[in-house]
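Chemist: File name coords-v4.csv; file contents CSV, C-alpha atoms and all ligand atoms; full text below.
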```csv
chain,number,residue,atom,x,y,z
A,1,MET,CA,50.5,19.7,-4.0
A,2,LEU,CA,48.6,16.6,-4.9
A,3,GLU,CA,45.3,16.5,-3.0
A,4,LYS,CA,44.7,13.4,-0.9
A,5,ARG,CA,41.8,11.3,-2.1
A,6,TYR,CA,39.8,8.7,-0.2
A,7,LEU,CA,37.8,6.0,-2.0
A,8,PHE,CA,35.0,4.8,0.2
A,9,THR,CA,32.7,3.4,-2.6
A,10,PRO,CA,31.5,-0.2,-2.8
A,11,GLY,CA,33.5,-0.7,-6.0
A,12,PRO,CA,35.9,0.1,-7.3
A,13,THR,CA,37.7,-0.2,-4.0
A,14,PRO,CA,41.1,0.9,-2.6
A,15,VAL,CA,44.1,-1.1,-3.9
A,16,PRO,CA,47.0,-2.0,-1.7
A,17,PRO,CA,50.4,-0.5,-2.7
A,18,GLN,CA,52.0,-3.9,-3.4
A,19,VAL,CA,49.2,-4.5,-6.0
A,20,LEU,CA,49.6,-1.0,-7.5
A,21,ALA,CA,53.4,-1.6,-7.7
A,22,ALA,CA,52.8,-4.9,-9.6
A,23,LEU,CA,50.7,-2.9,-12.2
A,24,ALA,CA,53.8,-0.8,-12.9
A,25,GLU,CA,56.0,-3.8,-13.9
A,26,PRO,CA,56.9,-4.2,-17.6
A,27,VAL,CA,54.2,-5.8,-19.7
A,28,VAL,CA,54.9,-9.5,-20.3
A,29,HIS,CA,53.8,-11.5,-23.3
A,30,HIS,CA,50.7,-13.7,-22.7
A,31,ARG,CA,52.0,-16.8,-24.4
A,32,GLY,CA,55.5,-16.8,-22.8
A,33,PRO,CA,56.7,-18.7,-19.8
A,34,ASP,CA,56.8,-15.5,-17.6
A,35,PHE,CA,53.1,-15.0,-17.9
A,36,MET,CA,52.2,-18.7,-17.8
A,37,ARG,CA,53.8,-19.1,-14.4
A,38,ILE,CA,51.7,-16.2,-13.0
A,39,TYR,CA,48.6,-17.2,-14.9
A,40,GLU,CA,48.7,-20.7,-13.3
A,41,ARG,CA,49.3,-19.4,-9.8
A,42,CYS,CA,46.5,-16.8,-10.2
A,43,LEU,CA,44.0,-19.4,-11.5
A,44,GLY,CA,45.0,-21.7,-8.5
A,45,ARG,CA,44.5,-18.9,-6.0
A,46,LEU,CA,41.1,-18.1,-7.5
A,47,LYS,CA,40.0,-21.6,-6.9
A,48,GLU,CA,40.9,-21.2,-3.3
A,49,VAL,CA,39.0,-18.0,-2.9
A,50,PHE,CA,36.0,-19.4,-4.7
A,51,ARG,CA,36.3,-22.5,-2.5
A,52,THR,CA,35.9,-24.8,-5.4
A,53,GLU,CA,37.8,-27.7,-7.0
A,54,ARG,CA,36.4,-26.7,-10.4
A,55,ASP,CA,38.0,-24.5,-13.0
A,56,VAL,CA,37.6,-20.7,-12.5
A,57,LEU,CA,37.4,-19.1,-15.9
A,58,MET,CA,39.0,-15.6,-16.2
A,59,TYR,CA,37.9,-12.9,-18.6
A,60,GLY,CA,39.1,-9.4,-19.4
A,61,SER,CA,35.7,-7.8,-18.6
A,62,SER,CA,33.6,-6.0,-16.0
A,63,GLY,CA,31.6,-8.1,-13.7
A,64,SER,CA,28.5,-7.7,-15.8
A,65,GLY,CA,30.4,-9.4,-18.6
A,66,THR,CA,30.6,-12.7,-16.8
A,67,MET,CA,27.0,-12.2,-15.7
A,68,GLU,CA,26.1,-12.0,-19.4
A,69,SER,CA,28.3,-15.1,-20.1
A,70,ALA,CA,26.3,-17.1,-17.6
A,71,ILE,CA,23.0,-16.2,-19.3
A,72,ALA,CA,24.5,-16.9,-22.8
A,73,ASN,CA,26.0,-20.2,-21.9
A,74,LEU,CA,23.2,-21.6,-19.7
A,75,CYS,CA,20.0,-20.3,-21.3
A,76,SER,CA,18.2,-20.6,-24.6
A,77,PRO,CA,15.4,-18.3,-25.9
A,78,GLY,CA,12.1,-19.4,-24.2
A,79,ASP,CA,13.7,-21.1,-21.2
A,80,ARG,CA,12.1,-20.3,-18.0
A,81,VAL,CA,14.3,-18.9,-15.2
A,82,VAL,CA,13.6,-17.2,-11.9
A,83,VAL,CA,15.5,-14.0,-10.9
A,84,ALA,CA,15.4,-12.6,-7.4
A,85,VAL,CA,15.1,-8.9,-7.7
A,86,ALA,CA,15.6,-6.8,-4.6
A,87,GLY,CA,17.8,-4.0,-6.0
A,88,ASN,CA,19.9,-2.8,-8.9
A,89,PHE,CA,22.0,-6.0,-9.5
A,90,GLY,CA,19.1,-8.4,-9.4
A,91,LEU,CA,17.4,-6.2,-12.0
A,92,ARG,CA,20.6,-6.5,-14.1
A,93,TRP,CA,20.2,-10.3,-14.2
A,94,ALA,CA,16.6,-9.9,-15.4
A,95,GLU,CA,17.6,-7.4,-18.0
A,96,ILE,CA,20.4,-9.5,-19.5
A,97,ALA,CA,18.2,-12.6,-19.5
A,98,ARG,CA,15.4,-10.7,-21.3
A,99,ALA,CA,18.0,-9.5,-23.9
A,100,TYR,CA,18.6,-13.1,-24.7
A,101,GLY,CA,14.9,-13.9,-25.1
A,102,VAL,CA,14.7,-15.9,-21.9
A,103,ASP,CA,11.3,-16.2,-20.2
A,104,VAL,CA,12.1,-14.3,-16.9
A,105,ASP,CA,10.0,-14.8,-13.9
A,106,THR,CA,11.0,-12.2,-11.2
A,107,LEU,CA,10.8,-12.9,-7.5
A,108,GLU,CA,10.2,-9.3,-6.8
A,109,TYR,CA,11.0,-7.5,-3.5
A,110,GLU,CA,11.1,-3.9,-2.3
A,111,TRP,CA,14.6,-2.6,-2.6
A,112,GLY,CA,16.2,-3.2,0.7
A,113,ASP,CA,14.3,-6.4,1.6
A,114,THR,CA,16.0,-9.7,1.9
A,115,PRO,CA,15.1,-12.5,-0.5
A,116,THR,CA,14.3,-15.8,1.2
A,117,ALA,CA,14.6,-19.5,0.4
A,118,GLU,CA,10.9,-20.0,1.4
A,119,ASP,CA,9.7,-17.5,-1.2
A,120,LEU,CA,11.9,-19.0,-3.8
A,121,ALA,CA,10.8,-22.6,-3.0
A,122,ALA,CA,7.1,-21.5,-3.3
A,123,ARG,CA,7.7,-19.7,-6.6
A,124,LEU,CA,9.6,-22.6,-8.1
A,125,LYS,CA,6.9,-25.0,-7.1
A,126,GLU,CA,4.2,-22.8,-8.7
A,127,LEU,CA,6.2,-22.6,-11.9
A,128,GLY,CA,7.3,-26.2,-12.0
A,129,ASP,CA,9.6,-25.8,-15.0
A,130,ALA,CA,12.3,-23.3,-14.2
A,131,THR,CA,15.8,-24.4,-15.3
A,132,ALA,CA,17.8,-21.9,-13.4
A,133,VAL,CA,17.7,-19.4,-10.5
A,134,PHE,CA,19.7,-16.2,-10.6
A,135,LEU,CA,20.7,-14.6,-7.2
A,136,THR,CA,22.7,-11.7,-5.9
A,137,GLN,CA,24.6,-12.6,-2.8
A,138,SER,CA,25.4,-9.1,-1.8
A,139,GLU,CA,23.0,-6.6,-3.3
A,140,THR,CA,25.4,-3.7,-3.4
A,141,SER,CA,22.7,-1.1,-4.1
A,142,THR,CA,21.0,-1.8,-0.8
A,143,GLY,CA,23.6,-3.4,1.5
A,144,VAL,CA,21.6,-6.6,1.8
A,145,VAL,CA,23.4,-10.0,1.9
A,146,CYS,CA,21.1,-13.0,1.4
A,147,ASP,CA,21.4,-16.6,2.4
A,148,VAL,CA,22.5,-18.1,-0.9
A,149,GLN,CA,23.2,-21.5,0.7
A,150,ALA,CA,19.5,-22.0,1.7
A,151,MET,CA,18.3,-20.6,-1.6
A,152,ALA,CA,20.6,-22.9,-3.6
A,153,ALA,CA,19.1,-25.9,-1.7
A,154,ALA,CA,15.6,-24.8,-2.6
A,155,ALA,CA,16.6,-24.5,-6.2
A,156,ARG,CA,18.2,-27.9,-6.2
A,157,GLU,CA,15.1,-29.4,-4.7
A,158,ALA,CA,13.1,-28.0,-7.6
A,159,GLY,CA,15.6,-29.3,-10.2
A,160,ALA,CA,17.0,-25.9,-11.1
A,161,ILE,CA,20.6,-24.8,-11.0
A,162,THR,CA,21.7,-21.8,-9.0
A,163,VAL,CA,23.7,-18.9,-10.4
A,164,VAL,CA,25.1,-16.4,-7.9
A,165,ASP,CA,26.4,-12.9,-8.5
A,166,ALA,CA,29.2,-12.7,-5.9
A,167,VAL,CA,30.9,-9.6,-7.4
A,168,SER,CA,30.8,-7.6,-4.2
A,169,SER,CA,30.8,-10.5,-1.8
A,170,LEU,CA,33.5,-12.9,-2.8
A,171,GLY,CA,36.4,-12.5,-0.3
A,172,ALA,CA,34.2,-10.3,2.0
A,173,VAL,CA,31.7,-12.7,3.4
A,174,PRO,CA,31.7,-16.6,3.3
A,175,LEU,CA,30.8,-18.3,0.1
A,176,GLU,CA,31.4,-22.0,-0.2
A,177,THR,CA,30.8,-22.7,-3.9
A,178,ASP,CA,31.2,-26.5,-3.8
A,179,ALA,CA,30.1,-27.2,-0.2
A,180,TRP,CA,26.9,-25.2,-0.6
A,181,GLY,CA,26.1,-26.7,-4.0
A,182,ILE,CA,26.2,-23.4,-5.9
A,183,ASP,CA,26.3,-24.3,-9.6
A,184,VAL,CA,27.7,-21.0,-11.0
A,185,VAL,CA,29.4,-18.1,-9.3
A,186,VAL,CA,30.5,-14.9,-11.0
A,187,SER,CA,32.8,-12.3,-9.6
A,188,GLY,CA,35.1,-9.4,-10.5
A,189,SER,CA,38.5,-8.0,-9.6
A,190,GLN,CA,37.4,-4.6,-8.3
A,191,LYS,CA,35.7,-5.2,-5.0
A,192,ALA,CA,36.9,-7.5,-2.2
A,193,LEU,CA,39.7,-8.8,-4.4
A,194,MET,CA,41.5,-5.5,-4.0
A,195,THR,CA,42.5,-5.0,-7.7
A,196,PRO,CA,41.4,-2.4,-10.2
A,197,PRO,CA,38.4,-3.1,-12.4
A,198,GLY,CA,38.9,-5.2,-15.6
A,199,ILE,CA,39.0,-8.9,-14.7
A,200,ALA,CA,35.9,-11.0,-14.1
A,201,MET,CA,35.6,-14.7,-13.3
A,202,VAL,CA,33.1,-17.5,-13.4
A,203,THR,CA,33.0,-21.1,-12.2
A,204,ALA,CA,30.4,-23.7,-13.2
A,205,SER,CA,29.3,-27.2,-11.9
A,206,GLU,CA,28.9,-30.3,-14.0
A,207,GLU,CA,25.1,-29.6,-14.1
A,208,ALA,CA,25.8,-26.2,-15.4
A,209,TRP,CA,28.2,-27.5,-18.1
A,210,ALA,CA,25.5,-29.9,-19.1
A,211,LEU,CA,23.0,-27.0,-19.6
A,212,ARG,CA,25.7,-25.2,-21.6
A,213,GLU,CA,25.8,-28.2,-24.0
A,214,ARG,CA,22.1,-27.6,-24.7
A,215,SER,CA,22.1,-23.8,-24.9
A,216,ARG,CA,21.1,-22.3,-28.3
A,217,SER,CA,22.2,-18.8,-27.5
A,218,PRO,CA,25.2,-17.5,-29.5
A,219,THR,CA,28.5,-17.1,-27.8
A,220,TYR,CA,32.0,-16.4,-29.0
A,221,TYR,CA,34.3,-14.4,-26.7
A,222,PHE,CA,32.3,-15.6,-23.7
A,223,ASP,CA,32.0,-19.2,-24.9
A,224,TRP,CA,33.0,-21.0,-21.6
A,225,GLU,CA,34.3,-24.1,-23.4
A,226,ARG,CA,36.8,-22.0,-25.5
A,227,THR,CA,38.2,-20.5,-22.3
A,228,ARG,CA,38.2,-23.8,-20.4
A,229,LYS,CA,40.2,-25.6,-23.1
A,230,ALA,CA,42.7,-22.8,-23.4
A,231,GLN,CA,43.2,-22.3,-19.7
A,232,ALA,CA,43.9,-26.1,-19.4
A,233,GLU,CA,47.0,-25.4,-21.5
A,234,LEU,CA,47.7,-22.1,-19.8
A,235,ASP,CA,47.2,-20.6,-23.2
A,236,ALA,CA,44.5,-17.9,-23.0
A,237,PRO,CA,42.2,-17.8,-26.0
A,238,PHE,CA,42.5,-14.0,-26.3
A,239,THR,CA,45.1,-11.5,-24.9
A,240,PRO,CA,44.3,-11.3,-21.2
A,241,PRO,CA,44.8,-8.0,-19.4
A,242,VAL,CA,48.2,-9.3,-18.4
A,243,SER,CA,49.2,-6.5,-16.1
A,244,LEU,CA,45.9,-6.8,-14.2
A,245,VAL,CA,46.4,-10.6,-13.9
A,246,VAL,CA,49.9,-9.9,-12.4
A,247,ALA,CA,48.3,-7.5,-10.0
A,248,LEU,CA,45.4,-9.8,-9.1
A,249,ASP,CA,47.8,-12.5,-8.4
A,250,VAL,CA,49.6,-10.3,-5.8
A,251,ALA,CA,46.2,-9.3,-4.3
A,252,LEU,CA,45.0,-12.9,-4.0
A,253,GLY,CA,48.3,-13.8,-2.4
A,254,LEU,CA,47.8,-11.1,0.2
A,255,LEU,CA,44.2,-12.2,0.8
A,256,LEU,CA,45.1,-15.9,1.2
A,257,ASP,CA,48.2,-15.2,3.3
A,258,GLY,CA,46.1,-13.3,5.8
A,259,GLY,CA,43.4,-16.0,5.5
A,260,LEU,CA,39.9,-15.8,4.2
A,261,GLU,CA,38.4,-16.2,7.7
A,262,THR,CA,40.4,-13.3,8.9
A,263,ALA,CA,39.0,-11.2,6.0
A,264,PHE,CA,35.5,-12.2,6.8
A,265,GLU,CA,35.9,-11.3,10.4
A,266,ARG,CA,37.3,-7.9,9.5
A,267,HIS,CA,34.3,-7.2,7.2
A,268,VAL,CA,31.9,-8.0,10.0
A,269,ARG,CA,33.7,-5.7,12.4
A,270,LEU,CA,33.9,-2.9,9.8
A,271,GLY,CA,30.2,-3.2,9.3
A,272,ARG,CA,29.6,-3.0,13.1
A,273,ALA,CA,31.9,0.1,13.4
A,274,CYS,CA,30.2,1.8,10.5
A,275,ARG,CA,26.7,1.2,11.8
A,276,ALA,CA,27.6,2.2,15.3
A,277,GLY,CA,28.9,5.5,14.0
A,278,ILE,CA,26.0,6.2,11.8
A,279,LYS,CA,23.5,5.6,14.6
A,280,ALA,CA,25.5,7.7,17.0
A,281,MET,CA,24.9,10.6,14.7
A,282,GLY,CA,21.2,10.0,14.9
A,283,LEU,CA,21.0,8.8,11.3
A,284,GLU,CA,18.8,5.9,10.2
A,285,LEU,CA,20.2,2.8,8.5
A,286,PHE,CA,18.8,1.6,5.2
A,287,SER,CA,20.8,-1.6,5.2
A,288,PRO,CA,20.0,-4.2,7.8
A,289,ASP,CA,21.2,-3.4,11.4
A,290,ASP,CA,23.0,-6.8,11.9
A,291,ASP,CA,26.2,-8.6,11.1
A,292,SER,CA,24.9,-9.8,7.7
A,293,ALA,CA,25.5,-6.2,6.4
A,294,ALA,CA,29.3,-6.7,6.3
A,295,VAL,CA,29.8,-5.4,2.8
A,296,VAL,CA,28.1,-2.0,2.4
A,297,THR,CA,26.4,0.3,4.9
A,298,ALA,CA,23.5,2.2,3.3
A,299,VAL,CA,22.1,5.2,5.2
A,300,ARG,CA,18.9,7.1,4.8
A,301,VAL,CA,19.6,10.8,3.9
A,302,PRO,CA,18.0,12.9,6.7
A,303,GLU,CA,15.0,15.0,5.9
A,304,GLY,CA,15.8,18.2,4.1
A,305,VAL,CA,19.2,17.0,2.8
A,306,ASP,CA,19.8,16.1,-0.9
A,307,GLY,CA,21.8,12.8,-0.9
A,308,ASP,CA,23.5,13.4,-4.2
A,309,LYS,CA,24.6,16.9,-3.1
A,310,LEU,CA,25.9,15.5,0.2
A,311,VAL,CA,28.1,13.0,-1.7
A,312,LEU,CA,29.4,15.6,-4.2
A,313,GLY,CA,30.1,18.0,-1.3
A,314,LEU,CA,32.2,15.4,0.5
A,315,ARG,CA,34.2,14.9,-2.7
A,316,ASP,CA,34.7,18.6,-3.4
A,317,ARG,CA,35.6,19.7,0.2
A,318,PHE,CA,37.4,16.7,1.6
A,319,GLY,CA,38.4,14.5,-1.4
A,320,MET,CA,36.2,11.7,-0.1
A,321,THR,CA,34.2,9.6,-2.5
A,322,LEU,CA,31.1,7.9,-1.1
A,323,ALA,CA,28.3,6.4,-3.2
A,324,GLY,CA,24.8,7.7,-3.6
A,325,GLY,CA,21.7,5.7,-4.2
A,326,GLN,CA,20.8,3.9,-7.4
A,327,GLY,CA,17.5,3.6,-9.2
A,328,PRO,CA,14.5,4.5,-6.9
A,329,LEU,CA,17.0,5.2,-4.1
A,330,LYS,CA,18.8,8.0,-5.9
A,331,GLY,CA,19.1,11.0,-3.6
A,332,LYS,CA,17.5,9.1,-0.7
A,333,ILE,CA,20.4,7.1,0.6
A,334,PHE,CA,24.2,7.2,0.6
A,335,ARG,CA,26.4,4.2,0.9
A,336,ILE,CA,29.8,3.6,2.5
A,337,GLY,CA,31.6,0.5,1.2
A,338,HIS,CA,33.8,-1.5,3.4
A,339,ILE,CA,34.9,-4.1,0.9
A,340,GLY,CA,38.5,-5.4,0.6
A,341,TRP,CA,41.4,-3.2,1.6
A,342,PHE,CA,39.6,-1.2,4.4
A,343,ASP,CA,40.4,-0.7,8.0
A,344,VAL,CA,38.6,1.0,10.9
A,345,PHE,CA,40.4,4.3,10.3
A,346,ASP,CA,38.9,4.4,6.8
A,347,ILE,CA,35.5,4.1,8.5
A,348,ALA,CA,36.4,6.7,11.0
A,349,THR,CA,37.5,9.1,8.2
A,350,ALA,CA,34.3,8.6,6.3
A,351,LEU,CA,32.1,9.1,9.4
A,352,ALA,CA,34.1,12.2,10.3
A,353,GLY,CA,33.4,13.6,6.8
A,354,VAL,CA,29.7,12.8,6.9
A,355,GLU,CA,29.5,14.4,10.4
A,356,LEU,CA,31.1,17.6,9.3
A,357,ALA,CA,29.0,17.9,6.2
A,358,LEU,CA,25.8,17.3,8.1
A,359,MET,CA,26.7,19.7,10.9
A,360,GLU,CA,27.3,22.4,8.4
A,361,ALA,CA,23.9,21.6,6.9
A,362,GLY,CA,22.5,22.4,10.3
A,363,ALA,CA,22.1,18.9,11.9
A,364,ASP,CA,22.4,18.7,15.6
A,365,ILE,CA,25.2,16.1,16.1
A,366,GLU,CA,27.5,15.8,19.1
A,367,ARG,CA,31.0,16.4,17.7
A,368,GLY,CA,33.2,13.3,17.5
A,369,VAL,CA,30.6,10.9,18.8
A,370,ALA,CA,30.4,8.8,15.6
A,371,VAL,CA,34.1,8.1,15.5
A,372,THR,CA,34.2,7.2,19.2
A,373,ARG,CA,31.3,4.8,18.9
A,374,ALA,CA,32.8,3.3,15.7
A,375,LEU,CA,36.1,2.6,17.4
A,376,ASP,CA,34.3,1.1,20.4
A,377,ALA,CA,32.3,-1.2,18.2
A,378,TRP,CA,35.4,-2.3,16.2
A,379,GLU,CA,37.0,-3.5,19.5
A,380,GLU,CA,34.4,-6.2,20.0
A,381,PRO,CA,35.6,-9.5,18.6
A,382,ALA,CA,33.4,-10.9,15.9
A,383,ARG,CA,32.4,-14.4,15.1
A,384,VAL,CA,31.6,-15.3,11.5
A,401,LIG,C1,29.9,-4.2,-8.9
A,401,LIG,C2,28.9,-5.2,-9.0
A,401,LIG,C3,28.7,-5.9,-10.3
A,401,LIG,C4,29.5,-5.7,-11.5
A,401,LIG,O1,29.5,-4.4,-12.0
A,401,LIG,P1,30.5,-4.1,-13.2
A,401,LIG,O2,30.4,-2.6,-13.2
A,401,LIG,O3,29.9,-4.7,-14.4
A,401,LIG,O4,31.8,-4.6,-12.9
A,401,LIG,C5,27.7,-6.8,-10.3
A,401,LIG,N1,27.0,-7.2,-9.3
A,401,LIG,C6,27.2,-6.6,-8.0
A,401,LIG,C7,26.4,-7.1,-6.9
A,401,LIG,C8,28.1,-5.6,-7.9
A,401,LIG,O5,28.3,-5.0,-6.7
```
Will you turn the file into structure tokens for me?
Modeler:
Amino acid sequence: MLEKRYLFTPGPTPVPPQVLAALAEPVVHHRGPDFMRIYERCLGRLKEVFRTERDVLMYGSSGSGTMESAIANLCSPGDRVVVAVAGNFGLRWAEIARAYGVDVDTLEYEWGDTPTAEDLAARLKELGDATAVFLTQSETSTGVVCDVQAMAAAAREAGAITVVDAVSSLGAVPLETDAWGIDVVVSGSQKALMTPPGIAMVTASEEAWALRERSRSPTYYFDWERTRKAQAELDAPFTPPVSLVVALDVALGLLLDGGLETAFERHVRLGRACRAGIKAMGLELFSPDDDSAAVVTAVRVPEGVDGDKLVLGLRDRFGMTLAGGQGPLKGKIFRIGHIGWFDVFDIATALAGVELALMEAGADIERGVAVTRALDAWEEPARV
């Protein structure tokens, strides 16, 4: 018999059956009317989810691909940019920019700290000549969600554009691309958008397009202009992952039918439930203990326990996949994602698995208390 598996990682995330069923449909040709109809609807739905009137460019790529596209289209060798680094994905921005010869100034934090608009404003003032600021709305490696609205305002004040990695946050927590004055937003299919990995997106403001005109970095596949022109005719420049686009269209339909606000509220309540359960077991949170941590709950591994072994054991014994720590946090934390197609019973299952594994490792935990507290916390209505 097929063993039941549970995916509790912060990406890729579980995919609803309607979306999986769409993946099984016959492959359509990308230049025919069947695909064009779906392509158009999917691009329109993306604009709604990004909360923008501008084009959303779609690529067959991982999220990091559109991150790289942002650097390549916006920056030239020697340009000065600021990157907020408070975890693995902030670090990725800095690494990509350096690979393109960009002069990167990092606004460095301890992993787990929350970047602030005040720190950014001070750094931009000090530098005086930064052209762009690169941010991570939800730093998936730590569970921190930062205030990109305030940070974008600080960047604008200093004459720099703001580029936001919203791969794990888009569709999970509020992000108002146009209303908040965010110049560039990148995201991917495999987190809150409830679709398998393989599609990434990016949208850019007029100011960002003007920077692109001046960029001297080489681009071809990721040349935004090539994709913008082609998408305007619903004629993709290269073969898109057509089956994934069909699936993404279904997933975005589900998300928008339920309403983005409903999704945001659910994520807040899932975060509450997860934190309540973790604390009930006497474990210490690594991610913030407040409603901002609606995307990922990161937990310190108790003394004497190896975090990576704990995660592997949950997989081997119960078929549950949680995430370990990355970089300096490897072995020290574990992470439960609650992004996209999750409900409170997913949280309850993950907590029950952790509880069993820790009790077997000798921890003194009252049996069932985590699940009980999680269900109680879920009941409280949330305001986003
Ligand atoms: C998942 C993720 C990415 C993209 O990762 P890929 O593996 O390249 O798709 C980028 N940033 C954040 C914050 C993420 O969570």
Chemist: Could you jot down the atom CA of Gly60 of chain A to atom CA of Val19 of chain A separation for me, Å, one decimal place?
Modeler: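 Atom-to-atom, atom CA of Gly60 of chain A and atom CA of Val19 of chain A are spaced 17.5 Å apart.
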Chemist: So what do you get for atom CA of Thr349 of chain A versus atom CA of Val299 of chain A, distance-wise?
Modeler: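 Computing it gives 16.2 Å between the two atoms.
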Chemist: Counting all atoms listed in the file, which protein, DNA or RNA residues come within 7 Å of ligand LIG 401 (chain A), given as a ChimeraX atom specification?
Modeler: /A:10-11,62-65,89,136,138-140,165-168,188,197
Chemist: Could you tell me how far atom CA of Lys191 of chain A sits from atom CA of Cys75 of chain A, in Å to one decimal place?
Modeler: 27.2 Å
Chemist: Could you check which of A:Val144, A:Val164, A:Leu285, A:Asp79 is closest to Ser217 of chain A, using all atoms listed in the file?
Modeler: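 Once distances to Ser217 of chain A are computed over all atoms listed in the file, the minimum belongs to A:Asp79.
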Chemist: Counting all atoms listed in the file, what is within 12 Å of Leu312 of chain A, bar same-chain residues fewer than 3 positions away, as a list in words?
Modeler: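 Contacts, in chain order: Asp306, Gly307, Asp308, Lys309, Arg315, Asp316, Arg317, Phe318, Gly319, Met320, Thr321, Leu322, Ala323, Gly324, Gly331, Phe334, Gly353, Val354 and Ala357 of chain A.
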Chemist: Go ahead and write the selection's residues with C-alpha atoms as a compact mmCIF listing (two decimals), in the frame of the given file.
Modeler:
```txt
# COMPACT_ATOMS: atom_id res chain seq x y z
CA ASP A 306 19.80 16.10 -0.90
CA GLY A 307 21.80 12.80 -0.90
CA ASP A 308 23.50 13.40 -4.20
CA LYS A 309 24.60 16.90 -3.10
CA ARG A 315 34.20 14.90 -2.70
CA ASP A 316 34.70 18.60 -3.40
CA ARG A 317 35.60 19.70 0.20
CA PHE A 318 37.40 16.70 1.60
CA GLY A 319 38.40 14.50 -1.40
CA MET A 320 36.20 11.70 -0.10
CA THR A 321 34.20 9.60 -2.50
CA LEU A 322 31.10 7.90 -1.10
CA ALA A 323 28.30 6.40 -3.20
CA GLY A 324 24.80 7.70 -3.60
CA GLY A 331 19.10 11.00 -3.60
CA PHE A 334 24.20 7.20 0.60
CA GLY A 353 33.40 13.60 6.80
CA VAL A 354 29.70 12.80 6.90
CA ALA A 357 29.00 17.90 6.20
```
Chemist: Each residue of segment 34-150 of chain A with at least one atom at most 8 Å from segment 234-241 of chain A should appear once, together with its nearest atom pair and the corresponding distance in Å (one decimal); atoms considered: only C-alpha atoms; ordering: chain, then increasing residue number; output as a tab-separated table.
Modeler:
```
residue	atom	partner	partner_atom	distance
A:Met36	CA	A:Leu234	CA	6.0
A:Tyr39	CA	A:Leu234	CA	7.0
A:Glu40	CA	A:Leu234	CA	6.7
A:Tyr59	CA	A:Pro240	CA	7.1
A:Gly60	CA	A:Pro240	CA	5.8
```
Chemist: Between A:Glu355, A:Asp343, A:Glu360, A:Glu48, which has the minimum distance to Leu252 of chain A (counting only C-alpha atoms)?
Modeler: A:Glu48
Chemist: Neighbouring residues of Thr131 of chain A were defined as those with any atom within 8 Å, considering all atoms listed in the file; residues of the same chain fewer than 6 positions away were excluded. Please report them as a list in words.
Modeler: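 Once the adjacent positions are removed, what remains is Asp79, Arg80, Val81, Gly159, Ala160 and Ile161 of chain A.
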Chemist: Tell me, as a ChimeraX atom specification, which residues lie within 8 Å of Arg41 of chain A, counting all atoms listed in the file; anything in the same chain fewer than 4 positions away does not count.
Modeler: /A:37,45,249
Chemist: Keeping C-alpha atoms for every residue in the selection just given, could you write it to a file as a PDB file, in the coordinates of the input?
Modeler:
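That gives us again-v3.pdb:
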```pdb
ATOM      1  CA  ARG A  37      53.800 -19.100 -14.400  1.00  0.00           C
ATOM      2  CA  ARG A  45      44.500 -18.900  -6.000  1.00  0.00           C
ATOM      3  CA  ASP A 249      47.800 -12.500  -8.400  1.00  0.00           C
TER       4      ASP A 249
END
```
Chemist: Select all residues near (31.2, -18.1, -8.1) (cut-off 8 Å, inclusive, file coordinates), counting all atoms listed in the file, and output them as a count of residues only.
Modeler: 16
Chemist: Return the single residue from A:Ala370, A:Ala232, A:Ile199, A:Val28 that is closest to Lys279 of chain A, with distances computed using all atoms listed in the file.
Modeler: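 Ranking A:Ala370, A:Ala232, A:Ile199, A:Val28 by distance to Lys279 of chain A, first place goes to A:Ala370.
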Chemist: Could you name the residues that touch Arg92 of chain A at 10 Å or less, counting all atoms listed in the file, but leaving out those on the same chain fewer than 2 positions away, as a VMD selection string?
Modeler: chain A and resid 64 67 to 68 83 85 87 to 90 94 to 98 136
Chemist: With only C-alpha atoms as the counted atoms, please give the residues lying no more than 9 Å from segment 124-128 of chain A, apart from itself and same-chain residues fewer than 2 positions off, as a list in words.
Modeler: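 Once the adjacent positions are removed, what remains is Arg80, Val82, Asp105, Asp119, Leu120, Ala121, Ala122, Ala130, Ala154, Ala155, Ala158 and Ala160 of chain A.
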Chemist: Starting from the incomplete input, reconstruct N, CA, C and O atoms of segment 374-378 of chain A and write that as a CSV table (one decimal), in the coordinates of the input.
Modeler:
```csv
chain,number,residue,atom,x,y,z
A,374,ALA,N,32.3,4.2,16.7
A,374,ALA,CA,32.8,3.3,15.7
A,374,ALA,C,34.0,2.5,16.2
A,374,ALA,O,34.1,1.3,16.1
A,375,LEU,N,34.9,3.3,16.9
A,375,LEU,CA,36.1,2.6,17.4
A,375,LEU,C,35.8,1.6,18.5
A,375,LEU,O,36.4,0.6,18.6
A,376,ASP,N,34.8,2.0,19.3
A,376,ASP,CA,34.3,1.1,20.4
A,376,ASP,C,33.8,-0.2,19.8
A,376,ASP,O,34.1,-1.3,20.2
A,377,ALA,N,32.9,-0.1,18.8
A,377,ALA,CA,32.3,-1.2,18.2
A,377,ALA,C,33.3,-2.1,17.5
A,377,ALA,O,33.2,-3.4,17.5
A,378,TRP,N,34.3,-1.5,16.9
A,378,TRP,CA,35.4,-2.3,16.2
A,378,TRP,C,36.1,-3.2,17.2
A,378,TRP,O,36.6,-4.3,16.9
```
